[in-house]
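The file input-v1.cif contains mmCIF, C-alpha atoms:
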```cif
data_model
#
loop_
_atom_site.label_atom_id
_atom_site.label_comp_id
_atom_site.auth_asym_id
_atom_site.auth_seq_id
_atom_site.Cartn_x
_atom_site.Cartn_y
_atom_site.Cartn_z
CA MET Q 1289 -24.36 4.27 -20.40
CA ILE Q 1290 -26.34 1.72 -18.45
CA SER Q 1291 -25.60 -0.98 -20.97
CA PHE Q 1292 -21.88 -0.15 -20.71
CA LEU Q 1293 -22.07 -0.36 -16.93
CA SER Q 1294 -23.89 -3.67 -16.94
CA SER Q 1295 -21.50 -5.09 -19.52
CA THR Q 1296 -18.46 -4.08 -17.47
CA LEU Q 1297 -20.02 -5.48 -14.31
CA LEU Q 1298 -20.93 -8.69 -16.09
CA PHE Q 1299 -17.40 -8.84 -17.40
CA LEU Q 1300 -16.09 -9.20 -13.87
CA PHE Q 1301 -17.48 -12.69 -13.71
CA GLN Q 1302 -17.54 -13.87 -17.30
CA GLU Q 1303 -14.68 -12.60 -19.41
CA GLY Q 1304 -14.04 -16.07 -20.85
CA GLY Q 1305 -15.01 -14.90 -24.33
CA ALA Q 1306 -17.54 -17.20 -25.97
CA ALA Q 1307 -19.52 -18.17 -22.91
CA THR Q 1308 -21.30 -21.46 -23.37
CA SER Q 1309 -23.59 -21.16 -20.35
CA PRO Q 1310 -23.42 -17.85 -18.44
CA ALA Q 1311 -24.05 -19.33 -15.00
CA GLY Q 1312 -21.49 -22.08 -15.51
CA THR Q 1313 -18.81 -19.63 -16.71
CA MET Q 1314 -19.50 -17.37 -13.79
CA TRP Q 1315 -19.03 -20.19 -11.32
CA GLU Q 1316 -15.86 -21.27 -13.15
CA ASN Q 1317 -14.51 -17.74 -12.86
CA VAL Q 1318 -15.32 -17.60 -9.15
CA LYS Q 1319 -13.65 -20.96 -8.68
CA HIS Q 1320 -10.56 -20.02 -10.66
CA PRO Q 1321 -9.77 -16.30 -10.24
CA ASP Q 1322 -7.21 -15.10 -12.77
CA LEU Q 1323 -5.17 -11.95 -13.41
CA SER Q 1324 -8.12 -9.62 -13.83
CA LYS Q 1325 -9.49 -10.43 -10.35
CA PHE Q 1326 -6.17 -9.43 -8.80
CA LEU Q 1327 -6.22 -6.20 -10.81
CA VAL Q 1328 -9.78 -5.43 -9.70
CA VAL Q 1329 -8.89 -6.00 -6.03
CA GLY Q 1330 -5.90 -3.69 -6.48
CA ALA Q 1331 -8.10 -1.08 -8.14
CA LEU Q 1332 -10.65 -1.21 -5.34
CA LEU Q 1333 -7.94 -0.79 -2.69
CA PHE Q 1334 -6.52 2.13 -4.69
CA ILE Q 1335 -9.94 3.77 -4.88
CA ILE Q 1336 -10.51 3.34 -1.15
CA GLY Q 1337 -7.14 4.98 -0.54
CA VAL Q 1338 -7.95 7.89 -2.83
CA ALA Q 1339 -11.30 8.37 -1.07
CA GLY Q 1340 -9.46 8.44 2.26
CA VAL Q 1341 -6.98 11.07 1.04
CA LEU Q 1342 -9.79 13.24 -0.31
CA THR Q 1343 -12.20 13.02 2.63
CA ARG Q 1344 -10.25 12.68 5.86
CA ARG Q 1345 -9.01 15.65 7.90
CA ASN Q 1346 -6.58 13.82 10.17
CA ILE Q 1347 -3.16 14.07 8.50
CA ILE Q 1348 -2.04 10.74 9.97
CA VAL Q 1349 -5.06 8.93 8.49
CA ILE Q 1350 -4.26 10.62 5.17
CA PHE Q 1351 -0.76 9.15 5.37
CA MET Q 1352 -2.25 5.74 6.09
CA SER Q 1353 -4.49 6.09 3.01
CA ILE Q 1354 -1.37 6.82 0.95
CA GLU Q 1355 0.15 3.59 2.26
CA LEU Q 1356 -3.02 1.83 1.14
CA ILE Q 1357 -2.63 3.32 -2.36
CA LEU Q 1358 1.00 2.21 -2.60
CA ASN Q 1359 0.01 -1.24 -1.42
CA ALA Q 1360 -2.64 -1.48 -4.13
CA ALA Q 1361 0.02 -0.60 -6.70
CA ASN Q 1362 2.18 -3.36 -5.25
CA LEU Q 1363 -0.65 -5.85 -5.63
CA ASN Q 1364 -0.92 -4.93 -9.32
CA PHE Q 1365 2.83 -5.33 -9.80
CA ILE Q 1366 2.82 -8.77 -8.18
CA ALA Q 1367 -0.18 -9.93 -10.20
CA MET Q 1368 1.47 -8.74 -13.42
CA SER Q 1369 4.70 -10.49 -12.43
CA ARG Q 1370 2.73 -13.72 -12.01
CA TYR Q 1371 1.19 -13.15 -15.43
CA LEU Q 1372 4.66 -12.62 -16.97
CA GLN Q 1373 5.87 -15.87 -15.40
CA ALA Q 1374 2.99 -17.67 -17.10
CA THR Q 1375 3.92 -16.17 -20.49
CA GLY Q 1376 7.60 -17.03 -20.14
CA SER Q 1377 9.16 -13.55 -20.38
CA ALA Q 1378 12.93 -13.06 -19.99
CA ASN Q 1379 12.79 -10.84 -16.92
CA ASP Q 1380 9.65 -12.33 -15.43
CA LEU Q 1381 10.32 -11.03 -11.92
CA ALA Q 1382 10.41 -7.34 -12.88
CA GLY Q 1383 7.13 -6.78 -11.04
CA GLN Q 1384 8.44 -8.24 -7.81
CA ILE Q 1385 11.61 -6.13 -8.03
CA PHE Q 1386 9.55 -3.03 -8.60
CA ALA Q 1387 7.41 -3.94 -5.59
CA VAL Q 1388 10.58 -4.04 -3.45
CA PHE Q 1389 11.42 -0.51 -4.56
CA VAL Q 1390 7.88 0.67 -3.89
CA ILE Q 1391 8.15 -0.69 -0.35
CA VAL Q 1392 11.51 1.09 0.11
CA VAL Q 1393 10.09 4.41 -1.08
CA ALA Q 1394 6.99 3.94 1.08
CA ALA Q 1395 9.14 3.40 4.16
CA ALA Q 1396 11.23 6.50 3.42
CA GLU Q 1397 8.08 8.51 2.72
CA ALA Q 1398 6.49 7.42 6.00
CA ALA Q 1399 9.59 8.38 8.00
CA ILE Q 1400 9.87 11.83 6.38
CA GLY Q 1401 6.12 12.45 6.47
CA LEU Q 1402 5.78 11.60 10.14
CA GLY Q 1403 8.82 13.78 10.90
CA ILE Q 1404 7.03 16.64 9.15
CA VAL Q 1405 3.82 15.88 11.10
CA ILE Q 1406 5.68 16.07 14.41
CA ALA Q 1407 7.43 19.31 13.46
CA LEU Q 1408 4.10 20.72 12.29
CA TYR Q 1409 2.33 19.73 15.49
CA ARG Q 1410 5.06 21.36 17.53
CA ASN Q 1411 4.56 24.65 15.68
CA LYS Q 1412 0.83 24.69 14.91
CA GLU Q 1413 -0.63 22.44 17.65
CA THR Q 1414 -2.95 20.75 15.15
CA ILE Q 1415 -3.10 17.70 12.88
CA TRP Q 1416 -6.29 18.70 11.03
CA VAL Q 1417 -5.38 19.52 7.46
CA ASP Q 1418 -8.05 22.22 7.09
CA GLU Q 1419 -6.40 24.21 9.88
CA ILE Q 1420 -2.98 23.98 8.25
CA ASP Q 1421 -3.34 26.62 5.52
CA LEU Q 1422 -0.06 28.51 5.76
CA LEU Q 1423 0.67 28.04 2.05
CA LYS Q 1424 -2.84 28.93 0.94
CA TRP Q 1425 -3.04 32.20 -0.97
CA MET J 635 -2.66 -18.04 -14.53
CA PRO J 636 -5.96 -19.02 -12.95
CA LEU J 637 -5.62 -20.24 -9.40
CA SER J 638 -6.48 -23.83 -8.66
CA SER J 639 -9.37 -25.07 -6.54
CA TYR J 640 -8.57 -24.42 -2.88
CA GLU J 641 -6.35 -21.42 -3.66
CA SER J 642 -9.40 -19.60 -5.01
CA LEU J 643 -11.13 -19.98 -1.63
CA PHE J 644 -8.20 -18.23 0.02
CA PHE J 645 -8.12 -15.64 -2.76
CA TRP J 646 -11.73 -14.58 -2.15
CA LEU J 647 -11.27 -14.73 1.62
CA PHE J 648 -8.23 -12.48 1.66
CA ALA J 649 -9.43 -10.19 -1.16
CA ILE J 650 -12.67 -9.45 0.68
CA ALA J 651 -10.78 -9.09 3.98
CA ALA J 652 -8.31 -6.63 2.39
CA ILE J 653 -11.05 -4.48 0.86
CA PHE J 654 -13.20 -4.55 4.00
CA ALA J 655 -10.25 -3.65 6.25
CA GLY J 656 -9.26 -0.91 3.78
CA LEU J 657 -12.75 0.56 3.97
CA LEU J 658 -12.68 0.49 7.75
CA THR J 659 -9.24 2.16 7.70
CA VAL J 660 -10.75 5.12 5.92
CA MET J 661 -13.97 5.16 7.93
CA ALA J 662 -12.79 4.55 11.50
CA ARG J 663 -13.07 7.59 13.77
CA ASN J 664 -10.18 6.68 16.01
CA ALA J 665 -6.75 6.93 14.36
CA VAL J 666 -5.51 3.93 16.36
CA HIS J 667 -8.39 1.83 15.01
CA SER J 668 -7.49 3.07 11.53
CA ALA J 669 -3.91 1.89 12.01
CA LEU J 670 -5.01 -1.54 13.25
CA PHE J 671 -7.40 -1.98 10.31
CA LEU J 672 -4.62 -0.92 7.93
CA ILE J 673 -2.40 -3.60 9.49
CA SER J 674 -5.04 -6.26 8.82
CA SER J 675 -5.45 -4.98 5.27
CA LEU J 676 -1.69 -5.17 4.70
CA VAL J 677 -1.55 -8.72 6.09
CA SER J 678 -4.41 -9.78 3.81
CA VAL J 679 -2.61 -8.30 0.81
CA ALA J 680 0.54 -10.15 1.89
CA ALA J 681 -1.54 -13.34 1.78
CA LEU J 682 -2.58 -12.43 -1.79
CA PHE J 683 1.14 -12.03 -2.59
CA VAL J 684 1.74 -15.56 -1.33
CA LEU J 685 -1.08 -16.79 -3.57
CA SER J 686 0.59 -15.15 -6.61
CA GLY J 687 3.85 -16.88 -5.82
CA ALA J 688 5.69 -13.86 -4.39
CA GLU J 689 6.64 -15.28 -1.01
CA PHE J 690 9.64 -13.01 -0.57
CA ILE J 691 7.64 -9.83 -1.14
CA ALA J 692 4.98 -11.09 1.27
CA GLY J 693 7.62 -11.54 3.96
CA VAL J 694 9.12 -8.11 3.24
CA GLN J 695 5.63 -6.60 3.33
CA ILE J 696 4.94 -7.96 6.80
CA LEU J 697 8.43 -7.14 8.13
CA VAL J 698 8.71 -3.62 6.72
CA TYR J 699 5.10 -2.41 6.60
CA VAL J 700 3.54 -4.11 9.61
CA GLY J 701 6.69 -4.36 11.69
CA GLY J 702 8.28 -1.04 10.81
CA VAL J 703 6.05 1.56 9.18
CA MET J 704 2.88 0.81 11.14
CA VAL J 705 4.75 0.81 14.46
CA LEU J 706 6.08 4.24 13.46
CA PHE J 707 2.52 5.35 12.72
CA LEU J 708 1.25 4.06 16.06
CA PHE J 709 4.11 5.83 17.87
CA VAL J 710 3.22 9.14 16.22
CA ILE J 711 -0.51 8.67 16.94
CA MET J 712 0.24 7.98 20.61
CA LEU J 713 2.74 10.86 20.71
CA LEU J 714 0.35 13.47 19.35
CA ASN J 715 -2.73 11.99 21.05
CA VAL J 716 -5.36 14.19 19.45
CA GLY J 717 -8.72 12.71 20.37
CA ALA J 718 -11.35 15.03 18.94
CA GLU J 719 -12.59 12.52 16.38
CA GLU J 720 -12.81 9.59 18.73
CA GLU J 721 -14.99 11.54 21.14
CA GLY J 722 -17.47 12.08 18.33
CA ARG J 723 -17.15 15.86 18.44
CA GLU J 724 -15.85 15.96 14.90
CA GLU J 725 -17.86 14.71 11.98
CA ILE J 726 -15.70 12.73 9.57
CA PHE J 727 -17.57 13.08 6.32
CA ASN J 728 -19.01 16.51 7.05
CA ASN J 729 -17.59 18.46 4.13
CA GLN J 730 -20.13 17.91 1.37
CA ARG J 731 -17.92 19.22 -1.41
CA GLN J 732 -15.02 16.90 -0.56
CA VAL J 733 -17.28 13.89 -0.24
CA THR J 734 -18.97 14.63 -3.56
CA THR J 735 -15.62 15.13 -5.27
CA SER J 736 -14.25 11.89 -3.90
CA LEU J 737 -17.37 9.96 -4.87
CA ILE J 738 -17.25 11.36 -8.41
CA PHE J 739 -13.56 10.56 -8.76
CA CYS J 740 -14.06 7.07 -7.35
CA PHE J 741 -16.85 6.48 -9.84
CA LEU J 742 -14.65 7.69 -12.71
CA LEU J 743 -11.77 5.52 -11.52
CA VAL J 744 -13.99 2.44 -11.28
CA LEU J 745 -15.31 3.06 -14.78
CA GLY J 746 -11.84 3.73 -16.21
CA ILE J 747 -10.27 0.69 -14.61
CA LEU J 748 -13.12 -1.62 -15.58
CA TYR J 749 -12.95 -0.29 -19.13
CA ALA J 750 -9.17 -0.74 -19.28
CA VAL J 751 -9.31 -4.28 -17.93
CA ASN J 752 -12.21 -5.02 -20.23
CA THR J 753 -10.47 -3.89 -23.42
CA GLY J 754 -7.10 -5.30 -22.40
CA SER J 755 -8.48 -8.65 -21.37
CA ALA J 756 -8.21 -10.12 -24.86
CA VAL J 757 -4.43 -9.77 -24.70
CA LEU J 758 -4.11 -10.46 -21.01
CA LEU J 759 -6.11 -13.65 -21.05
CA LYS J 760 -4.35 -15.14 -24.07
CA ASP J 761 -2.25 -17.40 -21.89
CA SER J 762 -5.05 -18.57 -19.64
CA GLN J 763 -6.57 -20.86 -22.23
CA LEU J 764 -5.17 -23.76 -20.24
CA SER J 765 -7.77 -25.47 -18.12
CA PRO J 766 -7.35 -25.22 -14.34
CA GLU J 767 -6.44 -28.91 -14.22
CA GLN J 768 -3.60 -28.35 -16.69
CA VAL J 769 -2.36 -25.39 -14.63
CA ALA J 770 -2.40 -27.51 -11.49
CA GLU J 771 -0.47 -30.21 -13.35
CA GLN J 772 2.14 -27.65 -14.47
CA GLN J 773 2.50 -26.41 -10.91
CA ALA J 774 2.92 -29.97 -9.63
CA VAL J 775 5.71 -30.56 -12.18
CA GLN J 776 7.42 -27.31 -11.14
CA ASN J 777 7.06 -28.10 -7.45
CA ALA J 778 8.52 -31.58 -7.87
CA GLY J 779 11.94 -30.02 -8.44
CA LEU J 780 11.88 -28.11 -5.14
CA LYS J 781 13.41 -29.28 -1.87
CA GLN J 782 11.19 -30.82 0.80
CA SER J 783 10.75 -28.92 4.02
CA ALA J 784 11.71 -30.52 7.32
CA THR J 785 8.20 -31.75 8.07
CA GLY J 786 7.85 -33.23 4.59
CA THR J 787 4.37 -31.80 4.10
CA SER J 788 5.42 -28.80 1.99
CA ARG J 789 8.23 -27.65 -0.25
CA ILE J 790 10.73 -24.81 0.06
CA THR J 791 10.20 -22.13 -2.58
CA LYS J 792 13.06 -20.78 -4.71
CA ASP J 793 11.36 -17.39 -4.97
CA THR J 794 13.92 -15.54 -2.82
CA GLN J 795 16.88 -16.75 -4.87
CA ARG J 796 15.12 -15.89 -8.11
CA VAL J 797 14.20 -12.39 -6.88
CA ALA J 798 17.79 -11.82 -5.72
CA ASN J 799 19.20 -13.00 -9.07
CA SER J 800 16.84 -10.79 -10.99
CA LEU J 801 17.39 -7.83 -8.63
CA TYR J 802 21.16 -7.82 -8.97
CA ARG J 803 21.11 -8.57 -12.68
CA TYR J 804 18.57 -6.00 -13.81
CA ALA J 805 18.35 -3.44 -11.00
CA SER J 806 21.67 -3.21 -9.15
CA LEU J 807 22.03 0.54 -9.73
CA PRO J 808 18.48 1.38 -8.52
CA PHE J 809 19.22 -0.88 -5.53
CA GLU J 810 22.21 1.30 -4.58
CA ILE J 811 20.22 4.47 -5.20
CA ALA J 812 17.52 3.12 -2.88
CA SER J 813 20.11 2.76 -0.12
CA ILE J 814 21.07 6.43 -0.55
CA LEU J 815 17.38 7.36 -0.50
CA LEU J 816 16.94 5.56 2.82
CA LEU J 817 20.01 7.28 4.25
CA VAL J 818 18.66 10.68 3.20
CA ALA J 819 15.28 9.79 4.70
CA ILE J 820 16.89 8.86 8.05
CA VAL J 821 18.94 12.06 8.22
CA GLY J 822 16.00 14.15 7.02
CA SER J 823 13.53 12.81 9.56
CA VAL J 824 16.03 13.27 12.39
CA MET J 825 16.63 16.87 11.28
CA LEU J 826 12.89 17.56 10.90
CA ALA J 827 11.83 16.25 14.28
CA ARG J 828 14.46 18.04 16.37
CA THR J 829 13.28 20.30 19.18
CA LEU J 830 14.65 23.78 19.70
CA ARG J 831 16.74 22.57 22.61
CA GLN J 832 18.27 19.79 20.52
CA GLU J 833 19.06 22.36 17.85
CA ALA J 834 20.69 24.49 20.51
CA SER J 835 22.86 21.65 21.74
CA ALA J 836 24.06 21.10 18.15
CA ASP J 837 24.74 24.87 17.85
CA ASP J 838 22.30 25.08 14.93
CA VAL J 839 19.53 27.49 15.96
CA ASP J 840 18.08 30.08 13.66
CA PRO J 841 19.17 33.47 15.14
CA GLU J 842 15.66 34.88 14.66
CA THR J 843 14.12 32.05 16.65
CA LEU J 844 16.72 32.47 19.34
CA LYS J 845 15.78 36.14 19.74
CA ASP J 846 12.14 35.35 20.53
CA GLU J 847 12.27 32.06 22.36
CA SER J 848 15.30 32.48 24.59
CA LEU J 849 13.49 34.92 26.89
CA HIS J 850 11.16 32.13 28.06
CA ASP J 851 13.62 29.25 28.24
CA PRO J 852 16.44 29.51 30.79
CA GLU J 853 18.51 26.85 29.09
CA LEU J 854 18.33 28.61 25.73
CA LEU J 855 19.13 31.88 27.44
CA LYS J 856 22.28 30.26 28.78
CA PHE J 857 23.11 29.10 25.24
CA LYS J 858 22.50 32.58 23.91
CA THR J 859 24.74 34.26 26.47
CA ALA J 860 27.42 31.68 25.82
CA THR J 861 27.43 32.40 22.10
CA GLU J 862 27.50 36.14 22.52
#
```
File written out as structure tokens:
Amino acid sequence: MISFLSSTLLFLFQEGGAATSPAGTMWENVKHPDLSKFLVVGALLFIIGVAGVLTRRNIIVIFMSIELILNAANLNFIAMSRYLQATGSANDLAGQIFAVFVIVVAAAEAAIGLGIVIALYRNKETIWVDEIDLLKW
Amino acid sequence: MPLSSYESLFFWLFAIAAIFAGLLTVMARNAVHSALFLISSLVSVAALFVLSGAEFIAGVQILVYVGGVMVLFLFVIMLLNVGAEEEGREEIFNNQRQVTTSLIFCFLLVLGILYAVNTGSAVLLKDSQLSPEQVAEQQAVQNAGLKQSATGTSRITKDTQRVANSLYRYASLPFEIASILLLVAIVGSVMLARTLRQEASADDVDPETLKDESLHDPELLKFKTATE
């Protein structure tokens, strides 16, 4: 388990395959971040968003965490689109197009969600999710 | 697709800024602070989009997210104005079970993602055998074909045209469906956020609600007597 962990952590900075000198490869990877660094940043943002959804009680902050999650997904799409451009695929901008649709859906979701929050506040006088348990059986 | 020398500086700058601002979004007590940190996180991610050559998406991100969605969020926060957390009366991470669950799931997600990137890297990194100097050379050749900007120091990207071409060629039907989705969202949010009085003026009140509420509200009472 620990060896797996350390290998994955090491991987972050030296995935170049046959590493000639570990320190040199690491510095090269810091100097020239590639696709995997974008993916890791997206994953970290996604995880932060998930933690926010799971821990916060304020429904508005939960919505903001969802925006963070969607944004992390967008970052992955854009990074993959850049990768496809480097490989010379036919529809190399598919990732960017998908990101546009994610932004559209996020905007619609925010409008509907905040409408629900306002209607909820008008009826229940609260925005704490642990006090909103009407559907709990 | 490794980034070239000075781009990597900006990559680390904005990546760390995005993650740090994201963390503060989740951890800030005040919802307004949360919203402001989320805005800085979104702007940093937009900068990462620019670094990956998606200038159009970066612009859309700032216009739609920061200019539209976050303003909506701030309006709702100001409108509801619930300040228990900011006064420090409410603990944020007080529910042990939720915090433990989220930590466990975060750990699993980190492991899963690292494993996936690790095993997939052999395929993903096939193209990045070019040295950074070669990549920079390729970019210079590509950029040479682009138009100069007015100041002459930079070039105008063709990203927007390429996205538009690709969008209408491969995704014109989803594009139209997205417009319908937005229309439904507008109508839905207007319907959801109506007050009782606005429902009354549109002659659309639930009779049950009318029975209870009209006794306290003279205007609704008037509406009720008019309908009877």
Query raised in the report: Which residue gives the smallest distance to Ile1347 in chain Q among J:Ile711, J:Val700, J:Ala662, J:Ser675, with all atoms listed in the file counted?
Result: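 Answer, going by the shortest atom-to-atom distance: J:Ile711.
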Requested in this report: Please provide the set of residues having any atom within 9 Å of Arg1370 in chain Q, restricted to all atoms listed in the file, with same-chain residues fewer than 3 positions apart removed, written as JSON, numbers by chain.
Outcome: {"Q": [1323, 1365, 1366, 1367, 1373, 1374, 1375, 1380, 1381, 1383, 1384], "J": [635, 686, 687, 688]}
Store the residues of this selection in a file with C-alpha atoms, as a PDB file, in the coordinates of the input.
```
ATOM      1  CA  LEU Q1323      -5.170 -11.950 -13.410  1.00  0.00           C
ATOM      2  CA  PHE Q1365       2.830  -5.330  -9.800  1.00  0.00           C
ATOM      3  CA  ILE Q1366       2.820  -8.770  -8.180  1.00  0.00           C
ATOM      4  CA  ALA Q1367      -0.180  -9.930 -10.200  1.00  0.00           C
ATOM      5  CA  GLN Q1373       5.870 -15.870 -15.400  1.00  0.00           C
ATOM      6  CA  ALA Q1374       2.990 -17.670 -17.100  1.00  0.00           C
ATOM      7  CA  THR Q1375       3.920 -16.170 -20.490  1.00  0.00           C
ATOM      8  CA  ASP Q1380       9.650 -12.330 -15.430  1.00  0.00           C
ATOM      9  CA  LEU Q1381      10.320 -11.030 -11.920  1.00  0.00           C
ATOM     10  CA  GLY Q1383       7.130  -6.780 -11.040  1.00  0.00           C
ATOM     11  CA  GLN Q1384       8.440  -8.240  -7.810  1.00  0.00           C
TER      12      GLN Q1384
ATOM     13  CA  MET J 635      -2.660 -18.040 -14.530  1.00  0.00           C
ATOM     14  CA  SER J 686       0.590 -15.150  -6.610  1.00  0.00           C
ATOM     15  CA  GLY J 687       3.850 -16.880  -5.820  1.00  0.00           C
ATOM     16  CA  ALA J 688       5.690 -13.860  -4.390  1.00  0.00           C
TER      17      ALA J 688
END
```
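Counting only C-alpha atoms, the residue from Q:Trp1315, Q:Ala1378, Q:Leu1372, Q:Ile1336 that sits nearest to chain J is Q:Ile1336.
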Report task. To one decimal in Å, tell me the separation between CA of Ser678 in chain J and CA of Ala784 in chain J. Result ->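 Separation of CA of Ser678 in chain J and CA of Ala784 in chain J: 26.5 Å.
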**Report entry** Shell of 12 Å around Ala1361 in chain Q, all atoms listed in the file, local chain residues under 2 positions omitted, as a ChimeraX atom specification
**Finding:** /Q:1326-1335,1337,1354-1359,1363-1368,1383-1384,1386-1391,1394 /J:679
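The closest residue to chain J, picked from Q:Glu1397, Q:Asp1322, Q:Glu1413, Q:Asp1418 and counting only C-alpha atoms, is Q:Asp1322.
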Report task. One decimal, Å: what's the distance from CA of Val839 in chain J over to CA of Leu826 in chain J, could you say? Result ->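 About the pair CA of Val839 in chain J and CA of Leu826 in chain J: they are 13.0 Å apart.
The gap separating CA of Asp793 in chain J from CA of Ile811 in chain J is 23.6 Å, in Å to one decimal.
Applied to this file, the PyMOL selection byres ((chain J and resi 652) around 10) selects the residues Val1329, Gly1330, Leu1332 and Leu1333 of chain Q; Trp646, Leu647, Phe648, Ala649, Ile650, Ala651, Ile653, Phe654, Ala655, Gly656, Leu657, Leu658, Phe671, Leu672, Ile673, Ser674, Ser675, Leu676, Val677, Ser678, Val679, Ala680, Ala681 and Leu682 of chain J.
Proximity ranking of J:Gln730, J:Gln772, J:Val710, J:Ser788 relative to Ala827 in chain J places J:Val710 first, based on only C-alpha atoms.
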Requested in this report: Have a look at J:Val775, J:Cys740, J:Ala770, J:Ala836 and name the one nearest to chain Q; count all atoms listed in the file.
Outcome: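 Of J:Val775, J:Cys740, J:Ala770, J:Ala836, the one nearest chain Q is J:Cys740, counting all atoms listed in the file.
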Query raised in the report: So which residues touch Thr829 in chain J within 12 Å, counting only C-alpha atoms, skipping near sequence neighbours fewer than 4 positions away, as a list of chain:residue names?
Result: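 Those residues are Q:Gly1403, Q:Ile1406, Q:Ala1407, Q:Leu1408, Q:Tyr1409, Q:Arg1410, Q:Asn1411, J:Val824, J:Met825, J:Glu833, J:Ala834, J:Ser835, J:Ala836, J:Asp838, J:Val839, J:Leu854.
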**Report entry** Closest of Q:Val1392, Q:Ile1385, Q:Val1405, Q:Ala1399 to Ile1420 in chain Q - atom-to-atom distances counting all atoms listed in the file
**Finding:** Q:Val1405
Please define a box with edges along x, y and z of the file around all atoms of range 702-708 of chain J given in the file, extend it by 3 Å on each side, and return its centre and edge lengths in Å to one decimal, as lines of an AutoDock Vina configuration file.
```
center_x = 4.8
center_y = 2.2
center_z = 12.6
size_x = 13.0
size_y = 12.4
size_z = 12.9
```
